[in-house]
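Participant: Structure below; questions to follow.
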Amino acid sequence: MDPHEEPPGRTATVVLDAAFKADAPARYARLRDLGPIHPAEFPPGLAGWVVVGHDLARRALTHPALLKDATPAADALDAAGFVLHRPSVGLGAQMMEADPPEHTRLRRLAAAAFTPRRTAELAPRIEQIAHGLIDAMPPSGALDLVEAFNAPLPATVIAELLGVPAEHHRDFRRWSSQALRPASPEHRPALAALHGLLAELVADKRRRPQDDLLSALVAVRDGEAGRLTEEELVGTALMLVVAGHESTVNLLGNAELALLRHPDQLELLRERPELLPAAVEEFLRHDSPVERSTNRYAAVDLELGGVAIPRGGLVVVALGSAGHDAAQRGSGDPAALDVGRPDARHLAFGHGIHHCLGAPLARLEAAVALRVLLARVPELELAVPVESLAWIDSGIIRGVLSLPVRYRHG
């Protein structure tokens, strides 16, 4: 059987490769019709299960025996060459890859530096960056909106927030975009390069602290728990860079593409910009930039959605699929885009103790950037057929690699 065809039941293995990702909404819809959980294969060759139903997704994300500790799956991960869970060569040594009590300590320390006040104070600077990027565009013509607007905006925000010098911004942005794509040949070199740069910056901030997030992370203390170690500092900074940058780039791209495919919703949002906060939640629900969760591993033999998961079994939650599950409470057709939807429930930022610490920043960046874009660019349309768009081909992120548009701005 072709692994990309609709499986006849739960026993068929779903291959979540580039072809699947390019057609993910339709593929997940077919899987939801068959059941809430399915055996799956994830690049670079890992076998496990994918949860696609909303209620089971929430249960899996808080299951006490589905943990980040990869020890029970070590042999399978090593055989596949998977490294994202490891310190120094992956995204390890930070809260996204930790379980309590380590997760509790790391999150509390990071939250002490990454405060709501620090996030809220960024709004004027985000708006300034957005206007600057539009000012840099010719008054009219055609360009790639990902390259010209979506990618540089959050890259600049997170680089300035952390205190990354301007001369590193271009490499910083490029490495971030490659770090979460395990099928890419640039995946490991990008992770290594980011590790190296952030380790140098951490050492520099220790010597010469400044008014930035990296200096705050270096300085933060948490009573008896003590200071973050050097590796934890670098790992936390790397997590903020990669997760924060990539999720926002693709939140913007997926939102823009959805609006361009639904001109009535685009015009409604232009006419009623006060809808933007709710619209951002709808974009997160309609086409989540984080397609699926990071890996969880069964600490013991367990049952999930009627399926037996052995100790060491890999379980991944399809966050984007959960937002389209008609079984969840909410109003309207889950397949439709409705920027005025009052209850756009989603799991785009996760659920439970691993709920994204940077969610307020992503929401703020998206709302400000889209408000500026819609106000400044009155004419905007796709320059290519939707079917020709190329999608990110591996990893947990969903988004187009480029978004060619024709436009006029004022």
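Chain labels run A, B, ... following the order of the structure tokens; each chain numbers its residues from 1, and ligands are numbered from 1 in the order shown.
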Give me the residues near region 336-348 of chain A as a list in words, where near means some atom within 8 Å (using only C-alpha atoms) and where sequence neighbours in that chain fewer than 3 positions away do not count.
Facilitator: Ala258, His262, Gln265, Leu269, Leu275, Leu276, Ala278, Ala279, Val280, Glu281, Glu282, Phe283, Leu284, Arg285, His286, Ser288, Pro289, Val290, Glu291, Leu319, Gly320, Ala322, Gly323, Gly330, Ser331, Gly332, Asp333 and His351 of chain A
Participant: Once DSSP has gone over the backbone, tell me which residues of region 177-367 of chain A are in strand (DSSP E), as JSON, numbers by chain.
Facilitator: {"A": [296, 297, 298, 302, 303, 304, 307, 308, 309, 314, 315, 316, 317]}
Participant: With a distance cut-off of 8 Å and only C-alpha atoms, select the neighbouring residues of Val316 (chain A), excluding the residue or stretch itself and same-chain residues fewer than 5 positions from it, and output the selection as number ranges by chain.
Facilitator: A: 48-51, 292-296
Participant: With N, CA and C atoms retained, export the selected residues as a CSV table (one decimal), in the first residue's frame.
Facilitator:
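Result file follows (again-v1.csv):
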chain,number,residue,atom,x,y,z
A,48,GLY,N,6.3,5.5,15.8
A,48,GLY,CA,5.5,5.9,17.0
A,48,GLY,C,4.1,6.0,16.7
A,49,TRP,N,3.4,6.9,17.4
A,49,TRP,CA,2.0,7.1,17.2
A,49,TRP,C,1.7,8.6,17.1
A,50,VAL,N,0.7,9.0,16.3
A,50,VAL,CA,0.3,10.4,16.2
A,50,VAL,C,-1.2,10.5,16.7
A,51,VAL,N,-1.4,11.4,17.6
A,51,VAL,CA,-2.7,11.7,18.1
A,51,VAL,C,-3.4,12.8,17.3
A,292,ARG,N,2.7,19.9,15.0
A,292,ARG,CA,2.6,18.8,16.0
A,292,ARG,C,3.6,19.1,17.2
A,293,SER,N,3.3,18.4,18.3
A,293,SER,CA,4.1,18.6,19.5
A,293,SER,C,5.5,18.0,19.4
A,294,THR,N,6.4,18.4,20.3
A,294,THR,CA,7.7,17.7,20.4
A,294,THR,C,7.4,16.3,21.0
A,295,ASN,N,8.4,15.5,20.9
A,295,ASN,CA,8.2,14.1,21.2
A,295,ASN,C,8.0,13.8,22.7
A,296,ARG,N,7.1,12.8,23.0
A,296,ARG,CA,6.9,12.3,24.3
A,296,ARG,C,7.1,10.8,24.2
Participant: Would you please work out which residue, of A:Ser394, A:Pro124, A:Glu256, A:Gly235, is nearest to Leu380 (chain A) when using only C-alpha atoms?
Facilitator: A:Glu256
Participant: For Ala73 (chain A), list every protein, DNA or RNA residue within 9 Å, evaluated using only C-alpha atoms, and leave out those in the same chain fewer than 3 positions away; present the list as a PyMOL selection string.
Facilitator: chain A and resi 69-70+76-78+297-298+311-314
Participant: With N, CA and C atoms retained, could you export that selection as a compact mmCIF listing (two decimals), in the first residue's frame?
Facilitator:
# COMPACT_ATOMS: atom_id res chain seq x y z
N ASP A 69 11.56 12.52 28.99
CA ASP A 69 12.73 11.67 29.21
C ASP A 69 12.81 10.61 28.12
N ALA A 70 13.84 10.68 27.30
CA ALA A 70 13.98 9.79 26.14
C ALA A 70 14.73 8.51 26.45
N ALA A 76 16.35 3.36 19.80
CA ALA A 76 15.66 3.71 18.56
C ALA A 76 16.06 5.10 18.08
N LEU A 77 16.22 6.04 19.01
CA LEU A 77 16.61 7.39 18.64
C LEU A 77 18.02 7.41 18.08
N ASP A 78 18.91 6.67 18.71
CA ASP A 78 20.30 6.61 18.23
C ASP A 78 20.36 5.98 16.84
N TYR A 297 7.61 10.24 25.37
CA TYR A 297 7.96 8.82 25.40
C TYR A 297 7.26 8.15 26.58
N ALA A 298 6.72 6.96 26.34
CA ALA A 298 6.02 6.24 27.39
C ALA A 298 7.01 5.74 28.43
N ARG A 311 6.40 0.62 26.77
CA ARG A 311 7.42 1.49 27.37
C ARG A 311 8.44 1.89 26.30
N GLY A 312 8.75 3.18 26.24
CA GLY A 312 9.66 3.70 25.23
C GLY A 312 8.97 4.12 23.96
N GLY A 313 7.65 3.85 23.85
CA GLY A 313 6.92 4.23 22.64
C GLY A 313 6.88 5.75 22.47
N LEU A 314 7.06 6.18 21.24
CA LEU A 314 7.05 7.61 20.91
C LEU A 314 5.62 8.04 20.59
Participant: Near Gln128 (chain A), counting only C-alpha atoms, which residues have an atom at most 10 Å away, once you skip same-chain residues fewer than 6 positions from it, shown as number ranges by chain?
Facilitator: A: 122, 153, 368-369, 372
Participant: Take the residues from that selection and write them out as a PDB file, in the first residue's frame, keeping C-alpha atoms.
Facilitator:
ATOM      1  CA  LEU A 122       8.106  45.399  22.810  1.00  0.00           C
ATOM      2  CA  LEU A 153      10.374  40.743  11.695  1.00  0.00           C
ATOM      3  CA  VAL A 368       0.949  44.149  15.369  1.00  0.00           C
ATOM      4  CA  ALA A 369       2.548  42.891  12.148  1.00  0.00           C
ATOM      5  CA  VAL A 372       0.554  47.264   9.960  1.00  0.00           C
TER       6      VAL A 372
END
Participant: Excluding same-chain residues fewer than 6 positions from Leu302 (chain A), what lies within 10 Å of it counting only C-alpha atoms, as a list in words?
Facilitator: Ala65, Leu66, Ala308, Ile309, Pro310, Arg311 and Gly313 of chain A
Participant: Can you tell me which residues surround Leu214 (chain A) at a distance of at most 7 Å, considering only C-alpha atoms, apart from same-chain residues fewer than 5 positions away, and format the answer as a ChimeraX atom specification?
Facilitator: /A:162-163,202
Participant: Pull N, CA and C atoms from the residues just selected and write them as a PDB file, in the first residue's frame.
Facilitator:
ATOM      1  N   LEU A 162      17.136  39.241  22.952  1.00  0.00           N
ATOM      2  CA  LEU A 162      18.217  38.494  23.584  1.00  0.00           C
ATOM      3  C   LEU A 162      19.501  39.305  23.704  1.00  0.00           C
ATOM      4  N   GLY A 163      19.670  40.278  22.826  1.00  0.00           N
ATOM      5  CA  GLY A 163      20.894  41.056  22.823  1.00  0.00           C
ATOM      6  C   GLY A 163      21.934  40.515  21.868  1.00  0.00           C
ATOM      7  N   VAL A 202      26.626  34.160  25.761  1.00  0.00           N
ATOM      8  CA  VAL A 202      26.439  33.957  27.195  1.00  0.00           C
ATOM      9  C   VAL A 202      27.703  34.348  27.954  1.00  0.00           C
TER      10      VAL A 202
END
Participant: Can you work out the spacing between CA of Ala383 (chain A) and CA of Ala142 (chain A) in Å, to one decimal?
Facilitator: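 Separation between CA of Ala383 (chain A) and CA of Ala142 (chain A): 7.3 Å.
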Participant: To one decimal place in Å, what is the distance between CA of Pro36 (chain A) and CA of Leu61 (chain A)?
Facilitator: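 These atoms are spaced 13.8 Å apart.
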Participant: Could the residues of region 75-132 of chain A that have an atom at most 12 Å from region 240-245 of chain A be listed as JSON lines, each with its closest atom pair and the distance in Å to one decimal, counting only C-alpha atoms and ordered by chain and ascending residue number?
Facilitator:
{"residue": "A:Leu84", "atom": "CA", "partner": "A:Val242", "partner_atom": "CA", "distance": 11.8}
{"residue": "A:Gly90", "atom": "CA", "partner": "A:Val242", "partner_atom": "CA", "distance": 11.1}
{"residue": "A:Leu91", "atom": "CA", "partner": "A:Val242", "partner_atom": "CA", "distance": 9.1}
{"residue": "A:Gln94", "atom": "CA", "partner": "A:Leu240", "partner_atom": "CA", "distance": 9.8}
{"residue": "A:Met95", "atom": "CA", "partner": "A:Leu240", "partner_atom": "CA", "distance": 10.6}
{"residue": "A:Met96", "atom": "CA", "partner": "A:Ala243", "partner_atom": "CA", "distance": 9.9}
{"residue": "A:Arg107", "atom": "CA", "partner": "A:Leu240", "partner_atom": "CA", "distance": 11.9}
{"residue": "A:Ala110", "atom": "CA", "partner": "A:Leu240", "partner_atom": "CA", "distance": 9.8}
{"residue": "A:Ala111", "atom": "CA", "partner": "A:Leu240", "partner_atom": "CA", "distance": 11.6}
{"residue": "A:Ala113", "atom": "CA", "partner": "A:Leu240", "partner_atom": "CA", "distance": 12.0}
{"residue": "A:Phe114", "atom": "CA", "partner": "A:Leu240", "partner_atom": "CA", "distance": 9.8}
Participant: Could you save the residues just selected, with C-alpha atoms, as a JSON list (two decimals), in the first residue's frame?
Facilitator:
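Resulting contents of result_20.json:
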[["chain", "number", "residue", "atom", "x", "y", "z"],
["A", 84, "LEU", "CA", 16.94, 17.16, 19.13],
["A", 90, "GLY", "CA", 20.14, 19.42, 19.92],
["A", 91, "LEU", "CA", 17.63, 21.38, 21.97],
["A", 94, "GLN", "CA", 16.03, 23.39, 28.56],
["A", 95, "MET", "CA", 12.47, 23.15, 29.82],
["A", 96, "MET", "CA", 10.89, 21.94, 26.56],
["A", 107, "ARG", "CA", 10.56, 27.23, 33.60],
["A", 110, "ALA", "CA", 13.21, 31.44, 32.51],
["A", 111, "ALA", "CA", 9.88, 33.06, 33.39],
["A", 113, "ALA", "CA", 13.56, 36.87, 33.02],
["A", 114, "PHE", "CA", 10.98, 36.53, 30.24]]
Participant: Looking at A:Ala120, A:Ala237, A:Leu67, A:Ala203, which one is nearest to Ala98 (chain A), with distances taken over only C-alpha atoms?
Facilitator: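 Ranking A:Ala120, A:Ala237, A:Leu67, A:Ala203 by distance to Ala98 (chain A), first place goes to A:Leu67.
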Participant: Check the smallest atom-to-atom distance from each of A:Arg376, A:Pro25, A:Ala93, A:Ala190 to Leu106 (chain A) using only C-alpha atoms, then report the winner.
Facilitator: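 Comparing A:Arg376, A:Pro25, A:Ala93, A:Ala190 against Leu106 (chain A), the winner is A:Ala93.
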